[in-house]
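Text of the file coords.cif, holding mmCIF, C-alpha atoms and all ligand atoms:
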data_my_file
loop_
_atom_site.label_atom_id
_atom_site.label_comp_id
_atom_site.auth_asym_id
_atom_site.auth_seq_id
_atom_site.Cartn_x
_atom_site.Cartn_y
_atom_site.Cartn_z
CA MET Z 1 -6.50 -50.53 19.78
CA GLY Z 2 -9.04 -47.64 19.58
CA GLY Z 3 -11.20 -47.88 16.49
CA SER Z 4 -10.75 -51.59 15.82
CA PRO Z 5 -12.77 -52.49 12.71
CA MET Z 6 -15.59 -54.25 14.58
CA THR Z 7 -16.40 -51.27 16.85
CA VAL Z 8 -19.44 -49.22 15.87
CA PHE Z 9 -19.20 -45.79 17.46
CA PRO Z 10 -22.55 -44.61 18.86
CA GLN Z 11 -23.54 -41.14 17.61
CA VAL Z 12 -23.57 -38.54 20.38
CA PRO Z 13 -24.65 -34.88 20.28
CA PHE Z 14 -21.93 -32.36 19.41
CA HIS Z 15 -22.26 -28.62 20.04
CA PRO Z 16 -19.04 -26.83 19.07
CA ILE Z 17 -18.74 -23.19 20.18
CA ARG Z 18 -20.05 -20.82 17.50
CA HIS Z 19 -18.53 -17.32 17.51
CA SER Z 20 -19.90 -14.05 16.16
CA PRO Z 21 -18.36 -12.96 12.83
CA GLU Z 22 -16.22 -10.38 14.65
CA GLU Z 23 -14.96 -12.88 17.19
CA THR Z 24 -14.39 -15.42 14.41
CA LEU Z 25 -12.08 -12.99 12.62
CA ARG Z 26 -10.40 -11.78 15.79
CA ARG Z 27 -9.48 -15.34 16.69
CA GLY Z 28 -8.38 -16.15 13.15
CA ARG Z 29 -6.16 -13.09 12.88
CA GLU Z 30 -4.65 -13.76 16.29
CA PHE Z 31 -3.90 -17.37 15.37
CA TYR Z 32 -2.40 -16.37 12.01
CA ASP Z 33 -0.18 -13.81 13.71
CA HIS Z 34 0.88 -16.47 16.20
CA MET Z 35 1.57 -19.16 13.61
CA ASN Z 36 3.32 -16.76 11.28
CA ARG Z 37 5.96 -16.29 13.99
CA ARG Z 38 6.90 -19.97 13.84
CA ARG Z 39 10.25 -20.72 12.26
CA SER Z 40 12.15 -23.94 11.77
CA VAL Z 41 15.16 -23.70 14.05
CA ARG Z 42 18.57 -25.37 13.67
CA PHE Z 43 20.28 -23.81 16.69
CA PHE Z 44 18.99 -25.07 20.01
CA SER Z 45 19.68 -24.30 23.65
CA PRO Z 46 20.30 -27.32 25.87
CA ASP Z 47 18.04 -25.77 28.54
CA PRO Z 48 15.65 -28.29 30.06
CA VAL Z 49 12.06 -28.43 28.86
CA PRO Z 50 9.30 -29.81 31.11
CA ARG Z 51 8.47 -33.38 30.15
CA GLU Z 52 4.76 -32.58 30.46
CA ALA Z 53 5.06 -30.03 27.63
CA ILE Z 54 6.11 -32.87 25.31
CA GLU Z 55 3.34 -35.10 26.64
CA LEU Z 56 0.77 -32.36 26.03
CA ALA Z 57 2.04 -31.75 22.51
CA ILE Z 58 1.73 -35.45 21.71
CA GLN Z 59 -1.79 -35.52 23.11
CA ILE Z 60 -2.63 -32.51 20.93
CA ALA Z 61 -1.11 -34.24 17.88
CA GLY Z 62 -3.27 -37.24 18.69
CA THR Z 63 -6.42 -35.16 18.20
CA ALA Z 64 -5.70 -35.19 14.45
CA PRO Z 65 -8.27 -36.79 12.18
CA SER Z 66 -7.09 -40.11 10.76
CA GLY Z 67 -8.23 -42.56 8.12
CA ALA Z 68 -10.97 -44.80 9.62
CA HIS Z 69 -9.91 -43.33 12.99
CA GLN Z 70 -7.01 -45.79 13.08
CA GLN Z 71 -4.59 -43.24 14.59
CA PRO Z 72 -1.69 -44.81 12.69
CA TRP Z 73 1.11 -43.10 14.61
CA THR Z 74 3.70 -43.66 17.32
CA PHE Z 75 5.65 -40.76 18.84
CA VAL Z 76 9.00 -41.89 20.22
CA VAL Z 77 10.54 -39.33 22.57
CA VAL Z 78 14.29 -39.40 23.15
CA ASP Z 79 16.18 -37.41 25.76
CA ASP Z 80 18.78 -40.02 26.68
CA PRO Z 81 22.17 -38.58 25.60
CA GLU Z 82 23.46 -41.96 24.41
CA LEU Z 83 20.39 -42.58 22.21
CA LYS Z 84 20.62 -39.01 20.87
CA ARG Z 85 24.25 -39.63 20.00
CA GLN Z 86 23.42 -42.84 18.15
CA ILE Z 87 20.69 -41.01 16.22
CA ARG Z 88 23.06 -38.19 15.34
CA LEU Z 89 25.71 -40.62 14.11
CA GLY Z 90 23.14 -42.59 12.08
CA ALA Z 91 21.64 -39.45 10.57
CA GLU Z 92 25.00 -37.91 9.75
CA GLU Z 93 26.11 -41.10 8.02
CA GLU Z 94 23.05 -40.99 5.75
CA GLU Z 95 23.23 -37.24 5.29
CA ARG Z 96 26.89 -37.34 4.35
CA GLU Z 97 26.11 -39.91 1.70
CA PHE Z 98 23.19 -37.72 0.56
CA TYR Z 99 25.11 -34.47 0.29
CA GLU Z 100 28.28 -36.01 -1.15
CA HIS Z 101 26.85 -38.64 -3.52
CA ARG Z 102 23.12 -39.35 -3.62
CA ALA Z 103 21.58 -35.90 -3.99
CA PRO Z 104 21.03 -34.81 -7.60
CA ALA Z 105 22.56 -31.42 -8.47
CA GLU Z 106 19.11 -29.88 -8.80
CA TRP Z 107 18.20 -30.89 -5.22
CA LEU Z 108 21.47 -29.50 -3.85
CA GLU Z 109 20.76 -26.28 -5.71
CA ALA Z 110 17.29 -26.06 -4.12
CA LEU Z 111 18.86 -26.56 -0.68
CA ALA Z 112 21.74 -24.13 -1.14
CA PRO Z 113 19.77 -21.07 0.08
CA LEU Z 114 19.22 -22.83 3.42
CA GLY Z 115 22.94 -23.41 3.92
CA THR Z 116 22.43 -26.92 5.32
CA ASP Z 117 25.06 -29.66 5.20
CA TRP Z 118 25.52 -33.19 6.54
CA ARG Z 119 26.46 -32.08 10.04
CA LYS Z 120 23.55 -32.35 12.50
CA PRO Z 121 24.82 -31.21 15.94
CA PHE Z 122 21.27 -30.18 16.90
CA LEU Z 123 20.42 -33.87 17.22
CA GLU Z 124 22.51 -33.94 20.40
CA ILE Z 125 21.89 -30.39 21.62
CA ALA Z 126 18.08 -30.13 21.45
CA SER Z 127 16.42 -31.17 24.70
CA TYR Z 128 14.28 -33.81 23.01
CA LEU Z 129 14.03 -35.66 19.75
CA ILE Z 130 10.53 -36.76 18.78
CA VAL Z 131 10.62 -39.44 16.12
CA VAL Z 132 7.20 -39.89 14.53
CA PHE Z 133 6.45 -43.30 13.06
CA ARG Z 134 3.69 -44.03 10.55
CA HIS Z 135 1.94 -47.38 10.79
CA ALA Z 136 2.14 -48.79 7.26
CA TYR Z 137 -0.12 -51.66 8.33
CA ARG Z 138 -1.54 -53.08 11.54
CA VAL Z 139 -0.81 -56.40 13.16
CA ALA Z 140 -3.79 -57.95 14.99
CA PRO Z 141 -3.27 -59.88 18.24
CA ASP Z 142 -3.60 -63.11 16.20
CA GLY Z 143 -0.72 -61.92 13.99
CA ALA Z 144 -2.88 -61.14 10.93
CA HIS Z 145 -1.90 -58.05 8.94
CA HIS Z 146 -4.53 -55.39 8.24
CA LYS Z 147 -4.41 -52.32 6.03
CA THR Z 148 -4.23 -48.80 7.36
CA TYR Z 149 -5.93 -46.06 5.38
CA TYR Z 150 -4.48 -42.70 4.38
CA SER Z 151 -1.75 -43.18 6.95
CA THR Z 152 0.57 -40.67 5.25
CA GLU Z 153 -2.10 -37.97 5.22
CA SER Z 154 -3.12 -38.80 8.80
CA VAL Z 155 0.40 -38.66 10.20
CA GLY Z 156 1.14 -35.50 8.20
CA ILE Z 157 -1.82 -33.78 9.82
CA ALA Z 158 -0.80 -35.02 13.27
CA VAL Z 159 2.72 -33.68 12.80
CA GLY Z 160 1.29 -30.30 11.77
CA LEU Z 161 -0.66 -30.18 15.01
CA LEU Z 162 2.40 -31.33 16.96
CA ILE Z 163 4.52 -28.51 15.54
CA ALA Z 164 1.75 -25.96 16.20
CA ALA Z 165 1.31 -27.23 19.76
CA LEU Z 166 5.02 -26.99 20.55
CA HIS Z 167 5.18 -23.52 18.99
CA THR Z 168 2.24 -22.42 21.15
CA MET Z 169 4.23 -23.46 24.22
CA GLY Z 170 7.19 -21.38 23.03
CA LEU Z 171 9.19 -24.41 21.93
CA CYS Z 172 11.03 -24.65 18.65
CA THR Z 173 11.28 -27.55 16.24
CA LEU Z 174 13.07 -28.52 13.10
CA THR Z 175 11.25 -30.75 10.63
CA HIS Z 176 14.14 -33.08 9.94
CA THR Z 177 14.02 -35.94 7.46
CA PRO Z 178 17.34 -37.72 7.20
CA SER Z 179 17.02 -39.92 4.18
CA PRO Z 180 16.68 -42.88 4.29
CA MET Z 181 15.44 -43.13 7.88
CA GLU Z 182 15.24 -46.90 8.44
CA PHE Z 183 18.23 -46.70 10.79
CA LEU Z 184 15.80 -45.23 13.34
CA ASN Z 185 13.87 -48.53 13.55
CA GLY Z 186 17.07 -50.25 14.63
CA ILE Z 187 18.18 -47.66 17.19
CA LEU Z 188 14.70 -47.24 18.66
CA GLY Z 189 13.60 -50.87 18.41
CA ARG Z 190 10.45 -50.19 16.40
CA PRO Z 191 8.78 -52.98 14.42
CA GLU Z 192 8.93 -53.23 10.64
CA TRP Z 193 5.37 -51.93 10.12
CA GLU Z 194 6.24 -48.64 11.81
CA ARG Z 195 7.95 -46.40 9.26
CA PRO Z 196 9.91 -43.32 10.36
CA PHE Z 197 8.03 -40.29 9.07
CA VAL Z 198 9.85 -37.32 10.52
CA LEU Z 199 12.36 -36.52 13.25
CA LEU Z 200 11.71 -33.37 15.26
CA PRO Z 201 14.43 -31.90 17.49
CA VAL Z 202 12.51 -29.91 20.13
CA GLY Z 203 13.69 -27.31 22.58
CA TYR Z 204 14.26 -23.64 23.23
CA ALA Z 205 16.16 -21.72 20.59
CA ALA Z 206 19.78 -20.88 21.37
CA PRO Z 207 20.16 -17.22 22.44
CA ASP Z 208 22.25 -16.60 19.31
CA ALA Z 209 20.07 -18.64 16.95
CA THR Z 210 19.59 -17.33 13.44
CA VAL Z 211 17.09 -18.33 10.74
CA PRO Z 212 17.16 -17.71 7.01
CA ASP Z 213 15.34 -14.51 6.08
CA LEU Z 214 12.74 -16.26 3.97
CA LYS Z 215 9.32 -15.00 2.92
CA ARG Z 216 6.07 -16.93 2.81
CA LYS Z 217 3.91 -16.94 -0.29
CA ALA Z 218 1.12 -14.37 -0.28
CA LEU Z 219 -2.53 -15.44 -0.09
CA ASP Z 220 -3.13 -14.72 -3.77
CA GLU Z 221 -0.24 -17.00 -4.71
CA VAL Z 222 -1.67 -19.99 -2.89
CA ALA Z 223 -5.46 -19.55 -2.83
CA VAL Z 224 -7.82 -19.86 -5.79
CA TRP Z 225 -11.54 -19.13 -5.48
CA ASN Z 226 -14.30 -20.39 -7.78
CA LYS Z 227 -12.10 -20.85 -10.80
CA GLY Z 228 -13.53 -23.45 -13.16
CA GLY Z 229 -11.55 -25.26 -15.80
CA SER Z 230 -11.73 -28.07 -18.26
CA GLY Z 231 -10.58 -30.53 -15.62
CA ARG Z 232 -7.63 -31.49 -17.84
N1 LIG Z 301 17.64 -34.18 4.70
C1 LIG Z 301 18.72 -33.28 4.42
C2 LIG Z 301 18.47 -32.44 3.22
C3 LIG Z 301 17.35 -31.49 3.29
C4 LIG Z 301 16.29 -31.64 2.45
C5 LIG Z 301 15.27 -30.73 2.41
I1 LIG Z 301 13.81 -30.98 1.04
C6 LIG Z 301 15.29 -29.60 3.27
O1 LIG Z 301 14.24 -28.69 3.26
C7 LIG Z 301 16.35 -29.44 4.12
C8 LIG Z 301 17.38 -30.39 4.15
C9 LIG Z 301 19.07 -32.43 5.65
O2 LIG Z 301 18.36 -32.51 6.65
O3 LIG Z 301 20.05 -31.70 5.62
#
Can you give me the file's structure in the form of structure tokens?
Amino acid sequence: MGGSPMTVFPQVPFHPIRHSPEETLRRGREFYDHMNRRRSVRFFSPDPVPREAIELAIQIAGTAPSGAHQQPWTFVVVDDPELKRQIRLGAEEEEREFYEHRAPAEWLEALAPLGTDWRKPFLEIASYLIVVFRHAYRVAPDGAHHKTYYSTESVGIAVGLLIAALHTMGLCTLTHTPSPMEFLNGILGRPEWERPFVLLPVGYAAPDATVPDLKRKALDEVAVWNKGGSGR
């Protein structure tokens, strides 16, 4: 595995491109405008998507920083209709239990504006499902178990890049987290140390797709500059 604990990486020169202030802002504004057009989509077209687009997106996700460079992720791609069906049935079983019994009233209230329910037809309609697994620990060739570091943060960052990459290619995703997700280990034959992190249906949006008319928080609601405090 890349970055095994005994490898010492030699230091090599690094000269990232440095832009003028104007070009810096131009690129930033352009990227913001681009990313601000991304929406989570629940209505997909079954139109085919080139396999290489998915491969590229996974390679882009794999550029994410990770704790001790352990790259604690596996991206399982599903386009087989039978596997998709099994995943839909497994997810709907959990989701039905969630919406009808497990979810506290407060959670259901928070979800109500989105209009979601236990039915997940997009799991069969979207061209691909990408199931991202987080490595909770590593198993060495001799069978010994080793810790992974900041795997949740690392995989979260990788998924952010994955979503951005797919969006850049004009593909839509839904960040779907059926809960609990262990059923995915069984269907996809993943080992116990790989924990399902998120399930992303990927594809083109349906021509008649709609999204909730939601607003994003403004900069001054999320950013704080140079504000000291007691630390308590
Ligand atoms: N996992 C359920 C419920 C759900 C939870 C959150 I938090 C959402 O932002 C959306 C849905 C579902 O997928 O329906």
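The spacing separating CA of His146 (chain Z) from CA of Val76 (chain Z) amounts to 22.6 Å.
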task = Give the residues close to ligand LIG 301 (chain Z), within 7 Å, counting all atoms listed in the file; write them as a ChimeraX atom specification.
result = /Z:95,111,116-118,176-179
Hey, can you pull every residue with an atom no more than 12 Å from (10.5, -50.6, 10.7), using only C-alpha atoms, and send it as a PDB file with C-alpha atoms, keeping the file's coordinate frame?
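Once everything was written out, this is result28.pdb:
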ATOM      1  CA  THR Z  74       3.700 -43.660  17.320  1.00  0.00           C
ATOM      2  CA  VAL Z 132       7.200 -39.890  14.530  1.00  0.00           C
ATOM      3  CA  PHE Z 133       6.450 -43.300  13.060  1.00  0.00           C
ATOM      4  CA  ARG Z 134       3.690 -44.030  10.550  1.00  0.00           C
ATOM      5  CA  HIS Z 135       1.940 -47.380  10.790  1.00  0.00           C
ATOM      6  CA  ALA Z 136       2.140 -48.790   7.260  1.00  0.00           C
ATOM      7  CA  TYR Z 137      -0.120 -51.660   8.330  1.00  0.00           C
ATOM      8  CA  PRO Z 180      16.680 -42.880   4.290  1.00  0.00           C
ATOM      9  CA  MET Z 181      15.440 -43.130   7.880  1.00  0.00           C
ATOM     10  CA  GLU Z 182      15.240 -46.900   8.440  1.00  0.00           C
ATOM     11  CA  PHE Z 183      18.230 -46.700  10.790  1.00  0.00           C
ATOM     12  CA  LEU Z 184      15.800 -45.230  13.340  1.00  0.00           C
ATOM     13  CA  ASN Z 185      13.870 -48.530  13.550  1.00  0.00           C
ATOM     14  CA  GLY Z 186      17.070 -50.250  14.630  1.00  0.00           C
ATOM     15  CA  ILE Z 187      18.180 -47.660  17.190  1.00  0.00           C
ATOM     16  CA  LEU Z 188      14.700 -47.240  18.660  1.00  0.00           C
ATOM     17  CA  GLY Z 189      13.600 -50.870  18.410  1.00  0.00           C
ATOM     18  CA  ARG Z 190      10.450 -50.190  16.400  1.00  0.00           C
ATOM     19  CA  PRO Z 191       8.780 -52.980  14.420  1.00  0.00           C
ATOM     20  CA  GLU Z 192       8.930 -53.230  10.640  1.00  0.00           C
ATOM     21  CA  TRP Z 193       5.370 -51.930  10.120  1.00  0.00           C
ATOM     22  CA  GLU Z 194       6.240 -48.640  11.810  1.00  0.00           C
ATOM     23  CA  ARG Z 195       7.950 -46.400   9.260  1.00  0.00           C
ATOM     24  CA  PRO Z 196       9.910 -43.320  10.360  1.00  0.00           C
ATOM     25  CA  PHE Z 197       8.030 -40.290   9.070  1.00  0.00           C
TER      26      PHE Z 197
END
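When only C-alpha atoms are used to measure the gap to Leu199 (chain Z), the shortest distance among Z:Leu123, Z:Leu56, Z:Met169, Z:Val41 belongs to Z:Leu123.
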ask   = If you measure from CA of Ala206 (chain Z) to CA of Pro46 (chain Z), what distance in Å do you get, rounded to one decimal?
value = 7.9 Å
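In this model, the gap between CA of Tyr150 (chain Z) and CA of Ile54 (chain Z) comes to 25.4 Å.
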